[in-house]
Amino acid sequence: MRICVFLSAADLDDRYTRPAQQFAELLGKGGHTLVWGGSDVGLMKVVADGVQEAGGRLLGVSVDFLAAKARTGAHEMVVARDLAERKKLLLEKADAVVIMVGGTGTLDEATEILELKKHGHTDKPVVLLNTAGFYDGLKEQFRRMEDEGFLPRPLTDLVFFAEEPVGALAYLEESMGVE
């Protein structure tokens, strides 16, 4: 599978990097391809390193103004003109999406894929990896949106919430029929 991972490029605490390394190792050992923002810094670097060290492939999609931070040695690297084109390319090149810890850019990417899915413009499986309870508040907000009629489809049709890396990858593999 080609798995797009939306995540932070910040240097983060071990409670976030350790599960990211675990997920990356599972992805690489499974022979999957990481589709990611292409940066070679912070958590993006942690995940790319883990996937590559475990035998997986790297497909990066950087953006003009961040090209200096792009990882060298990726199997494929595309440089988009702007963030909108980057998101479009990331989603086009992936079979599935995992949302890991991140800031406003990650949140923007996450809501875009969920909006596309809500309107039937994609059926790719989406997992929100709730590392260390990072997305507890967002999960609660999504449930409120569902309960109060803001979502035309059940929340479970849009996103799967995983608490651990192994659960995230197992859900994706099951969704995509990978054995």
# chains A, B, ... in the order shown; residues from 1 in each chain; ligands from 1
>>> residues_around(residues="segment 81-97 of chain A", least_positions_apart="3", cutoff="10 Å", atoms="only C-alpha atoms", output="PyMOL selection string")
chain A and resi 1-6+33-37+59-66+78+100+105+108-110+112-113+122-128+159+172-173+175-176
>>> select_by_dssp(residues="segment 38-69 of chain A", states="strand (DSSP E or B)", output="MDAnalysis selection string")
chainID A and resid 39 57:63
>>> write_last_selection(atoms="N, CA, C and O atoms", output="mmCIF file, in the first residue's frame")
data_model
loop_
_atom_site.group_PDB
_atom_site.id
_atom_site.type_symbol
_atom_site.label_atom_id
_atom_site.label_comp_id
_atom_site.auth_asym_id
_atom_site.auth_seq_id
_atom_site.Cartn_x
_atom_site.Cartn_y
_atom_site.Cartn_z
ATOM 1 N N SER A 39 9.675 16.341 4.041
ATOM 2 C CA SER A 39 10.673 17.028 4.867
ATOM 3 C C SER A 39 11.574 16.040 5.593
ATOM 4 O O SER A 39 11.154 14.956 5.974
ATOM 5 N N ARG A 57 9.447 1.967 1.111
ATOM 6 C CA ARG A 57 9.794 2.990 0.113
ATOM 7 C C ARG A 57 9.320 4.360 0.579
ATOM 8 O O ARG A 57 8.363 4.461 1.338
ATOM 9 N N LEU A 58 9.984 5.399 0.057
ATOM 10 C CA LEU A 58 9.652 6.783 0.397
ATOM 11 C C LEU A 58 9.243 7.556 -0.841
ATOM 12 O O LEU A 58 9.997 7.631 -1.810
ATOM 13 N N LEU A 59 8.043 8.142 -0.793
ATOM 14 C CA LEU A 59 7.548 8.993 -1.854
ATOM 15 C C LEU A 59 7.191 10.334 -1.204
ATOM 16 O O LEU A 59 6.204 10.427 -0.487
ATOM 17 N N GLY A 60 8.023 11.342 -1.433
ATOM 18 C CA GLY A 60 7.821 12.638 -0.809
ATOM 19 C C GLY A 60 7.167 13.633 -1.742
ATOM 20 O O GLY A 60 7.384 13.603 -2.948
ATOM 21 N N VAL A 61 6.355 14.517 -1.155
ATOM 22 C CA VAL A 61 5.762 15.623 -1.893
ATOM 23 C C VAL A 61 6.052 16.886 -1.087
ATOM 24 O O VAL A 61 5.372 17.192 -0.119
ATOM 25 N N SER A 62 7.104 17.579 -1.498
ATOM 26 C CA SER A 62 7.480 18.815 -0.820
ATOM 27 C C SER A 62 6.757 19.975 -1.493
ATOM 28 O O SER A 62 5.914 19.784 -2.366
ATOM 29 N N VAL A 63 7.101 21.178 -1.086
ATOM 30 C CA VAL A 63 6.499 22.379 -1.662
ATOM 31 C C VAL A 63 7.629 23.386 -1.865
ATOM 32 O O VAL A 63 8.632 23.356 -1.137
#
>>> closest_residue(among="A:Gly133, A:Pro165, A:Gly149, A:Gly102", to="Leu27 of chain A", atoms="only C-alpha atoms")
A:Pro165
>>> atom_distance(atom1="atom CA of Met44 of chain A", atom2="atom CA of Gln141 of chain A")
26.3 Å
>>> residues_around(residues="Asp40 of chain A", least_positions_apart="4", cutoff="6 Å", atoms="only C-alpha atoms", output="list in words")
Lys45, Lys69, Ala70 and Arg71 of chain A
>>> atom_distance(atom1="atom CA of Phe142 of chain A", atom2="atom CA of Thr156 of chain A")
10.4 Å
